[in-house]
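What follows is the content of upload-v4.tsv (TSV, N, CA and C atoms and all ligand atoms).
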chain	number	residue	atom	x	y	z
A	173	MET	N	101.76	57.24	118.22
A	173	MET	CA	102.75	56.37	117.59
A	173	MET	C	103.54	57.16	116.56
A	174	ILE	N	104.84	57.07	116.65
A	174	ILE	CA	105.68	57.87	115.78
A	174	ILE	C	106.14	57.06	114.57
A	175	LYS	N	106.64	55.87	114.86
A	175	LYS	CA	107.19	55.05	113.79
A	175	LYS	C	106.08	54.59	112.83
A	176	LYS	N	106.41	54.56	111.55
A	176	LYS	CA	105.43	54.11	110.56
A	176	LYS	C	105.72	52.68	110.13
A	177	ASP	N	104.74	52.08	109.47
A	177	ASP	CA	104.89	50.73	108.93
A	177	ASP	C	105.28	49.71	110.01
A	178	LEU	N	104.61	49.80	111.13
A	178	LEU	CA	104.90	48.88	112.23
A	178	LEU	C	104.46	47.46	111.89
A	179	VAL	N	105.33	46.51	112.24
A	179	VAL	CA	104.97	45.09	112.14
A	179	VAL	C	104.86	44.57	113.57
A	180	VAL	N	103.67	44.09	113.92
A	180	VAL	CA	103.40	43.68	115.30
A	180	VAL	C	103.16	42.18	115.36
A	181	LEU	N	103.84	41.53	116.29
A	181	LEU	CA	103.60	40.11	116.55
A	181	LEU	C	102.70	39.98	117.78
A	182	THR	N	101.53	39.37	117.61
A	182	THR	CA	100.63	39.16	118.74
A	182	THR	C	100.67	37.68	119.11
A	183	VAL	N	100.84	37.41	120.41
A	183	VAL	CA	100.95	36.02	120.87
A	183	VAL	C	99.90	35.79	121.95
A	184	ASP	N	98.91	34.95	121.64
A	184	ASP	CA	97.82	34.68	122.59
A	184	ASP	C	97.16	33.36	122.20
A	185	ASP	N	96.82	32.55	123.19
A	185	ASP	CA	96.17	31.26	122.89
A	185	ASP	C	94.68	31.43	122.64
A	186	ASP	N	94.16	32.61	122.92
A	186	ASP	CA	92.73	32.87	122.71
A	186	ASP	C	92.52	33.53	121.35
A	187	ILE	N	91.91	32.76	120.44
A	187	ILE	CA	91.72	33.22	119.06
A	187	ILE	C	90.91	34.53	119.02
A	188	ILE	N	89.91	34.62	119.90
A	188	ILE	CA	89.08	35.83	119.94
A	188	ILE	C	89.94	37.05	120.28
A	189	ASN	N	90.83	36.89	121.25
A	189	ASN	CA	91.74	37.98	121.62
A	189	ASN	C	92.63	38.37	120.46
A	190	LEU	N	93.14	37.37	119.75
A	190	LEU	CA	94.01	37.65	118.60
A	190	LEU	C	93.27	38.47	117.55
A	191	LYS	N	92.04	38.06	117.27
A	191	LYS	CA	91.24	38.77	116.24
A	191	LYS	C	90.94	40.20	116.68
A	192	LEU	N	90.61	40.34	117.97
A	192	LEU	CA	90.29	41.65	118.54
A	192	LEU	C	91.50	42.59	118.45
A	193	LEU	N	92.66	42.07	118.86
A	193	LEU	CA	93.89	42.86	118.82
A	193	LEU	C	94.22	43.27	117.40
A	194	LYS	N	94.07	42.30	116.49
A	194	LYS	CA	94.40	42.58	115.09
A	194	LYS	C	93.52	43.71	114.54
A	195	SER	N	92.22	43.63	114.81
A	195	SER	CA	91.33	44.67	114.27
A	195	SER	C	91.61	46.02	114.91
A	196	MET	N	91.93	46.02	116.22
A	196	MET	CA	92.29	47.28	116.89
A	196	MET	C	93.55	47.88	116.28
A	197	LEU	N	94.57	47.03	116.11
A	197	LEU	CA	95.86	47.51	115.62
A	197	LEU	C	95.76	48.03	114.19
A	198	LEU	N	95.00	47.32	113.36
A	198	LEU	CA	94.94	47.69	111.95
A	198	LEU	C	94.12	48.96	111.71
A	199	LYS	N	93.40	49.41	112.76
A	199	LYS	CA	92.70	50.70	112.64
A	199	LYS	C	93.70	51.85	112.66
A	200	ASN	N	94.90	51.56	113.18
A	200	ASN	CA	95.92	52.59	113.23
A	200	ASN	C	96.71	52.60	111.92
A	201	PRO	N	96.76	53.75	111.25
A	201	PRO	CA	97.42	53.81	109.94
A	201	PRO	C	98.92	53.53	110.00
A	202	ASN	N	99.52	53.59	111.19
A	202	ASN	CA	100.96	53.33	111.30
A	202	ASN	C	101.28	51.84	111.39
A	203	VAL	N	100.24	51.03	111.57
A	203	VAL	CA	100.47	49.59	111.65
A	203	VAL	C	100.34	48.98	110.26
A	204	LYS	N	101.42	48.33	109.82
A	204	LYS	CA	101.45	47.76	108.47
A	204	LYS	C	100.96	46.32	108.46
A	205	GLU	N	101.37	45.57	109.49
A	205	GLU	CA	101.06	44.14	109.49
A	205	GLU	C	100.94	43.61	110.91
A	206	VAL	N	100.00	42.70	111.11
A	206	VAL	CA	99.86	42.04	112.40
A	206	VAL	C	100.02	40.53	112.18
A	207	ILE	N	101.00	39.96	112.86
A	207	ILE	CA	101.25	38.52	112.75
A	207	ILE	C	100.73	37.85	114.01
A	208	GLU	N	100.02	36.74	113.85
A	208	GLU	CA	99.43	36.07	115.00
A	208	GLU	C	100.17	34.77	115.32
A	209	ALA	N	100.38	34.54	116.63
A	209	ALA	CA	100.95	33.27	117.08
A	209	ALA	C	100.12	32.79	118.26
A	210	LYS	N	99.93	31.47	118.37
A	210	LYS	CA	98.98	30.97	119.37
A	210	LYS	C	99.61	30.55	120.70
A	211	ASN	N	100.93	30.58	120.77
A	211	ASN	CA	101.62	30.35	122.06
A	211	ASN	C	103.06	30.83	121.93
A	212	GLY	N	103.81	30.76	123.04
A	212	GLY	CA	105.17	31.26	123.04
A	212	GLY	C	106.08	30.55	122.04
A	213	SER	N	105.87	29.25	121.92
A	213	SER	CA	106.69	28.46	121.00
A	213	SER	C	106.48	28.91	119.55
A	214	ASP	N	105.22	29.12	119.20
A	214	ASP	CA	104.87	29.65	117.89
A	214	ASP	C	105.50	31.02	117.66
A	215	GLY	N	105.43	31.85	118.71
A	215	GLY	CA	105.97	33.21	118.65
A	215	GLY	C	107.47	33.19	118.40
A	216	VAL	N	108.17	32.31	119.12
A	216	VAL	CA	109.62	32.18	118.93
A	216	VAL	C	109.91	31.73	117.50
A	217	GLY	N	109.07	30.84	116.99
A	217	GLY	CA	109.20	30.37	115.61
A	217	GLY	C	109.08	31.51	114.61
A	218	VAL	N	108.12	32.40	114.85
A	218	VAL	CA	107.94	33.56	113.96
A	218	VAL	C	109.19	34.43	113.99
A	219	LEU	N	109.75	34.63	115.18
A	219	LEU	CA	110.94	35.49	115.32
A	219	LEU	C	112.15	34.91	114.59
A	220	LYS	N	112.14	33.59	114.39
A	220	LYS	CA	113.25	32.96	113.67
A	220	LYS	C	113.14	33.20	112.17
A	221	THR	N	111.92	33.42	111.69
A	221	THR	CA	111.74	33.56	110.24
A	221	THR	C	111.57	35.02	109.81
A	222	ARG	N	111.28	35.91	110.77
A	222	ARG	CA	111.06	37.32	110.43
A	222	ARG	C	111.99	38.21	111.24
A	223	ASN	N	112.69	39.08	110.57
A	223	ASN	CA	113.56	40.00	111.31
A	223	ASN	C	113.04	41.44	111.25
A	224	ASP	N	111.78	41.59	110.85
A	224	ASP	CA	111.21	42.93	110.71
A	224	ASP	C	110.13	43.23	111.74
A	225	ILE	N	110.10	42.45	112.83
A	225	ILE	CA	109.10	42.68	113.88
A	225	ILE	C	109.52	43.91	114.72
A	226	ASP	N	108.57	44.82	114.94
A	226	ASP	CA	108.86	46.04	115.71
A	226	ASP	C	108.38	45.95	117.15
A	227	LEU	N	107.41	45.08	117.39
A	227	LEU	CA	106.75	45.06	118.70
A	227	LEU	C	106.09	43.70	118.91
A	228	ILE	N	106.15	43.22	120.17
A	228	ILE	CA	105.43	41.99	120.52
A	228	ILE	C	104.37	42.32	121.56
A	229	LEU	N	103.15	41.84	121.33
A	229	LEU	CA	102.09	41.89	122.34
A	229	LEU	C	101.92	40.47	122.84
A	230	LEU	N	102.12	40.27	124.13
A	230	LEU	CA	102.31	38.91	124.65
A	230	LEU	C	101.37	38.57	125.81
A	231	ASP	N	100.61	37.50	125.63
A	231	ASP	CA	99.79	36.93	126.69
A	231	ASP	C	100.71	36.14	127.63
A	232	ILE	N	100.27	35.90	128.86
A	232	ILE	CA	101.12	35.16	129.81
A	232	ILE	C	100.73	33.68	129.89
A	233	ILE	N	99.44	33.45	130.15
A	233	ILE	CA	99.02	32.06	130.34
A	233	ILE	C	98.66	31.44	129.00
A	234	MET	N	99.51	30.54	128.53
A	234	MET	CA	99.28	29.85	127.25
A	234	MET	C	99.82	28.43	127.37
A	235	PRO	N	99.18	27.48	126.65
A	235	PRO	CA	99.72	26.12	126.64
A	235	PRO	C	101.01	26.06	125.82
A	236	VAL	N	101.72	24.96	125.94
A	236	VAL	CA	102.99	24.67	125.24
A	236	VAL	C	104.12	25.56	125.75
A	237	MET	N	103.99	26.87	125.54
A	237	MET	CA	104.96	27.81	126.12
A	237	MET	C	104.25	29.10	126.48
A	238	GLY	N	104.36	29.47	127.76
A	238	GLY	CA	103.71	30.69	128.25
A	238	GLY	C	104.54	31.94	127.95
A	239	GLY	N	103.98	33.09	128.31
A	239	GLY	CA	104.61	34.37	128.00
A	239	GLY	C	105.90	34.62	128.76
A	240	ILE	N	105.96	34.18	130.02
A	240	ILE	CA	107.18	34.41	130.81
A	240	ILE	C	108.35	33.67	130.18
A	241	GLU	N	108.10	32.43	129.77
A	241	GLU	CA	109.16	31.64	129.15
A	241	GLU	C	109.60	32.27	127.82
A	242	MET	N	108.63	32.75	127.06
A	242	MET	CA	108.98	33.39	125.79
A	242	MET	C	109.81	34.65	126.04
A	243	LEU	N	109.41	35.43	127.06
A	243	LEU	CA	110.19	36.63	127.42
A	243	LEU	C	111.64	36.28	127.69
A	244	LYS	N	111.84	35.22	128.47
A	244	LYS	CA	113.20	34.81	128.84
A	244	LYS	C	114.01	34.44	127.60
A	245	ILE	N	113.39	33.72	126.68
A	245	ILE	CA	114.08	33.29	125.46
A	245	ILE	C	114.45	34.50	124.60
A	246	VAL	N	113.49	35.43	124.45
A	246	VAL	CA	113.72	36.60	123.61
A	246	VAL	C	114.83	37.47	124.21
A	247	ARG	N	114.77	37.68	125.51
A	247	ARG	CA	115.76	38.54	126.16
A	247	ARG	C	117.15	37.91	126.23
A	248	ALA	N	117.21	36.59	126.10
A	248	ALA	CA	118.51	35.91	126.10
A	248	ALA	C	119.16	35.98	124.73
A	249	ASP	N	118.41	36.40	123.72
A	249	ASP	CA	118.91	36.47	122.35
A	249	ASP	C	119.46	37.87	122.08
A	250	GLU	N	120.74	37.91	121.75
A	250	GLU	CA	121.43	39.19	121.56
A	250	GLU	C	120.72	40.10	120.54
A	251	ASN	N	120.20	39.49	119.49
A	251	ASN	CA	119.55	40.28	118.43
A	251	ASN	C	118.16	40.77	118.81
A	252	LEU	N	117.56	40.16	119.82
A	252	LEU	CA	116.17	40.47	120.16
A	252	LEU	C	116.04	41.18	121.50
A	253	ARG	N	117.18	41.39	122.14
A	253	ARG	CA	117.19	41.93	123.50
A	253	ARG	C	116.45	43.26	123.62
A	254	GLN	N	116.54	44.08	122.56
A	254	GLN	CA	115.96	45.43	122.61
A	254	GLN	C	114.52	45.50	122.08
A	255	LEU	N	114.02	44.39	121.57
A	255	LEU	CA	112.69	44.38	120.95
A	255	LEU	C	111.60	44.70	121.98
A	256	PRO	N	110.78	45.75	121.72
A	256	PRO	CA	109.75	46.12	122.70
A	256	PRO	C	108.70	45.01	122.87
A	257	ILE	N	108.40	44.71	124.12
A	257	ILE	CA	107.39	43.68	124.43
A	257	ILE	C	106.41	44.23	125.44
A	258	LEU	N	105.13	44.21	125.06
A	258	LEU	CA	104.06	44.58	126.00
A	258	LEU	C	103.33	43.31	126.41
A	259	VAL	N	103.20	43.13	127.71
A	259	VAL	CA	102.48	41.97	128.23
A	259	VAL	C	101.02	42.34	128.44
A	260	LEU	N	100.13	41.50	127.94
A	260	LEU	CA	98.69	41.71	128.09
A	260	LEU	C	98.12	40.52	128.84
A	261	THR	N	97.57	40.76	130.02
A	261	THR	CA	97.02	39.63	130.75
A	261	THR	C	95.92	40.05	131.70
A	262	THR	N	95.15	39.08	132.15
A	262	THR	CA	94.11	39.34	133.15
A	262	THR	C	94.70	39.21	134.55
A	263	ASP	N	95.90	38.63	134.61
A	263	ASP	CA	96.48	38.28	135.90
A	263	ASP	C	97.50	39.32	136.39
A	264	GLU	N	97.04	40.24	137.21
A	264	GLU	CA	97.88	41.33	137.74
A	264	GLU	C	99.08	40.80	138.52
A	265	THR	N	98.93	39.59	139.09
A	265	THR	CA	100.00	39.06	139.94
A	265	THR	C	101.25	38.72	139.13
A	266	LYS	N	101.10	38.65	137.80
A	266	LYS	CA	102.25	38.31	136.95
A	266	LYS	C	103.07	39.54	136.56
A	267	LYS	N	102.57	40.70	136.96
A	267	LYS	CA	103.17	41.96	136.53
A	267	LYS	C	104.66	42.07	136.89
A	268	SER	N	105.00	41.86	138.16
A	268	SER	CA	106.39	42.05	138.57
A	268	SER	C	107.29	41.02	137.90
A	269	GLU	N	106.79	39.79	137.79
A	269	GLU	CA	107.60	38.75	137.14
A	269	GLU	C	107.85	39.11	135.67
A	270	ALA	N	106.80	39.65	135.02
A	270	ALA	CA	106.94	40.03	133.61
A	270	ALA	C	108.00	41.12	133.45
A	271	PHE	N	107.98	42.12	134.34
A	271	PHE	CA	108.97	43.19	134.25
A	271	PHE	C	110.38	42.67	134.55
A	272	GLU	N	110.48	41.79	135.54
A	272	GLU	CA	111.78	41.19	135.87
A	272	GLU	C	112.36	40.43	134.69
A	273	CYS	N	111.47	39.83	133.90
A	273	CYS	CA	111.92	39.04	132.75
A	273	CYS	C	112.10	39.90	131.50
A	274	GLY	N	111.92	41.21	131.62
A	274	GLY	CA	112.28	42.08	130.51
A	274	GLY	C	111.13	42.71	129.74
A	275	ALA	N	109.89	42.59	130.23
A	275	ALA	CA	108.78	43.25	129.56
A	275	ALA	C	108.94	44.77	129.65
A	276	ASN	N	108.51	45.48	128.62
A	276	ASN	CA	108.61	46.95	128.60
A	276	ASN	C	107.35	47.63	129.09
A	277	GLY	N	106.27	46.88	129.16
A	277	GLY	CA	105.01	47.46	129.62
A	277	GLY	C	104.00	46.37	129.89
A	278	PHE	N	102.92	46.75	130.54
A	278	PHE	CA	101.92	45.78	130.99
A	278	PHE	C	100.54	46.38	130.81
A	279	LEU	N	99.64	45.62	130.22
A	279	LEU	CA	98.25	46.06	130.09
A	279	LEU	C	97.34	44.97	130.62
A	280	THR	N	96.31	45.38	131.35
A	280	THR	CA	95.37	44.41	131.90
A	280	THR	C	94.19	44.24	130.95
A	281	LYS	N	93.86	42.99	130.65
A	281	LYS	CA	92.71	42.68	129.80
A	281	LYS	C	91.42	42.94	130.58
A	282	PRO	N	90.32	43.29	129.96
A	282	PRO	CA	90.17	43.50	128.51
A	282	PRO	C	90.89	44.76	128.03
A	283	ILE	N	91.51	44.64	126.86
A	283	ILE	CA	92.29	45.73	126.29
A	283	ILE	C	91.37	46.74	125.60
A	284	ARG	N	91.61	48.01	125.90
A	284	ARG	CA	90.87	49.07	125.20
A	284	ARG	C	91.79	49.71	124.17
A	285	ASN	N	91.20	50.04	123.03
A	285	ASN	CA	91.98	50.54	121.91
A	285	ASN	C	92.84	51.76	122.29
A	286	ASP	N	92.24	52.73	122.99
A	286	ASP	CA	92.99	53.95	123.32
A	286	ASP	C	94.15	53.66	124.27
A	287	GLU	N	93.92	52.75	125.22
A	287	GLU	CA	95.00	52.36	126.15
A	287	GLU	C	96.13	51.66	125.42
A	288	LEU	N	95.74	50.80	124.50
A	288	LEU	CA	96.73	50.03	123.74
A	288	LEU	C	97.62	50.97	122.92
A	289	ILE	N	96.99	51.90	122.21
A	289	ILE	CA	97.75	52.83	121.37
A	289	ILE	C	98.67	53.73	122.21
A	290	LYS	N	98.15	54.17	123.35
A	290	LYS	CA	98.94	55.00	124.26
A	290	LYS	C	100.17	54.24	124.76
A	291	LYS	N	99.93	53.00	125.14
A	291	LYS	CA	101.02	52.16	125.67
A	291	LYS	C	102.05	51.87	124.58
A	292	ILE	N	101.59	51.61	123.37
A	292	ILE	CA	102.52	51.34	122.27
A	292	ILE	C	103.41	52.56	122.03
A	293	ALA	N	102.81	53.75	122.14
A	293	ALA	CA	103.57	54.98	121.92
A	293	ALA	C	104.67	55.16	122.96
A	294	THR	N	104.52	54.53	124.13
A	294	THR	CA	105.57	54.67	125.17
A	294	THR	C	106.77	53.77	124.87
A	295	VAL	N	106.59	52.75	124.06
A	295	VAL	CA	107.72	51.84	123.79
A	295	VAL	C	108.27	51.93	122.37
A	296	ILE	N	107.50	52.53	121.47
A	296	ILE	CA	107.95	52.70	120.07
A	296	ILE	C	108.26	54.17	119.83
A	297	VAL	N	109.50	54.42	119.45
A	297	VAL	CA	109.83	55.83	119.16
A	297	VAL	C	110.41	55.96	117.76
A	301	MG	MG	95.97	32.94	127.60

Would you encode the structure as structure tokens?
Amino acid sequence: MIKKDLVVLTVDDDIINLKLLKSMLLKNPNVKEVIEAKNGSDGVGVLKTRNDIDLILLDIIMPVMGGIEMLKIVRADENLRQLPILVLTTDETKKSEAFECGANGFLTKPIRNDELIKKIATVIV
């Protein structure tokens, strides 16, 4: 990871996953803050109040608003079009749809710390 003071938005309906991601991310000295959202709607809400997000880690299957829908909303927003988004899911079949909707990368759960950091380095410069 090159950029310092990263602010990461994690969006997942599974609280355990959110906690796990947060602890993994905060082990990296370049990560300044991890913001948690429990579904796509919550995530979009965070993006309306914060303009300092550097990266989104996004689950696909969530109640209220799933990851694909959130991707579409973010990519339709002129100010957020370039924001790096990594999709994290157990469902490999969603991979092509996620990329079509503008995801920058894809990781299959369970997430391993070294894989996560490597993947983040491919989208954050
Ligand atoms: Mg989920």

Check: DSSP says helix (DSSP H, G or I) for which residues of chain A? Put them as a count of residues only?
Finding: 52

Box for range 235-238 of chain A - axis-aligned, 8 Å on each of the six sides, all listed atoms - centre and size in Å to one decimal, as JSON.
{"center_x": 102.1, "center_y": 28.3, "center_z": 126.7, "size_x": 21.8, "size_y": 23.3, "size_z": 19.0}

Note to self: With DSSP run on the backbone, what are the strand (DSSP E or B) residues within chain A? I'd like them as a ChimeraX atom specification.
What the structure shows: /A:178-183,203-209,227-230,257-261,277-280

Next item on the list: Can you tell me which residues come within 6 Å of ligand MG 301 (chain A) when counting all atoms listed in the file, ideally as a list in words?
Entry: Asp184, Asp185, Asp186, Asp231, Ile232, Ile233 and Met234 of chain A

Would you export the selected residues with N, CA and C atoms as a PDB file, keeping the file's coordinate frame, please?
ATOM      1  N   ASP A 184      98.910  34.950 121.640  1.00  0.00           N
ATOM      2  CA  ASP A 184      97.820  34.680 122.590  1.00  0.00           C
ATOM      3  C   ASP A 184      97.160  33.360 122.200  1.00  0.00           C
ATOM      4  N   ASP A 185      96.820  32.550 123.190  1.00  0.00           N
ATOM      5  CA  ASP A 185      96.170  31.260 122.890  1.00  0.00           C
ATOM      6  C   ASP A 185      94.680  31.430 122.640  1.00  0.00           C
ATOM      7  N   ASP A 186      94.160  32.610 122.920  1.00  0.00           N
ATOM      8  CA  ASP A 186      92.730  32.870 122.710  1.00  0.00           C
ATOM      9  C   ASP A 186      92.520  33.530 121.350  1.00  0.00           C
ATOM     10  N   ASP A 231     100.610  37.500 125.630  1.00  0.00           N
ATOM     11  CA  ASP A 231      99.790  36.930 126.690  1.00  0.00           C
ATOM     12  C   ASP A 231     100.710  36.140 127.630  1.00  0.00           C
ATOM     13  N   ILE A 232     100.270  35.900 128.860  1.00  0.00           N
ATOM     14  CA  ILE A 232     101.120  35.160 129.810  1.00  0.00           C
ATOM     15  C   ILE A 232     100.730  33.680 129.890  1.00  0.00           C
ATOM     16  N   ILE A 233      99.440  33.450 130.150  1.00  0.00           N
ATOM     17  CA  ILE A 233      99.020  32.060 130.340  1.00  0.00           C
ATOM     18  C   ILE A 233      98.660  31.440 129.000  1.00  0.00           C
ATOM     19  N   MET A 234      99.510  30.540 128.530  1.00  0.00           N
ATOM     20  CA  MET A 234      99.280  29.850 127.250  1.00  0.00           C
ATOM     21  C   MET A 234      99.820  28.430 127.370  1.00  0.00           C
TER      22      MET A 234
END

Check: Got a sec: who's within 7 Å of range 199-202 of chain A, counting only C-alpha atoms, leaving out chain neighbours fewer than 6 positions off, as a list of chain:residue names?
Finding: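 Close residues of range 199-202 of chain A: A:Lys175, A:Lys176, A:Asp177, A:Leu178.
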
Check: Is there a way to get, as a PyMOL selection string, all residues within 6.5 Å of the point (110.6, 50.2, 127.1) in file coordinates, counting all atoms listed in the file?
Finding: chain A and resi 256+275-277+294-295
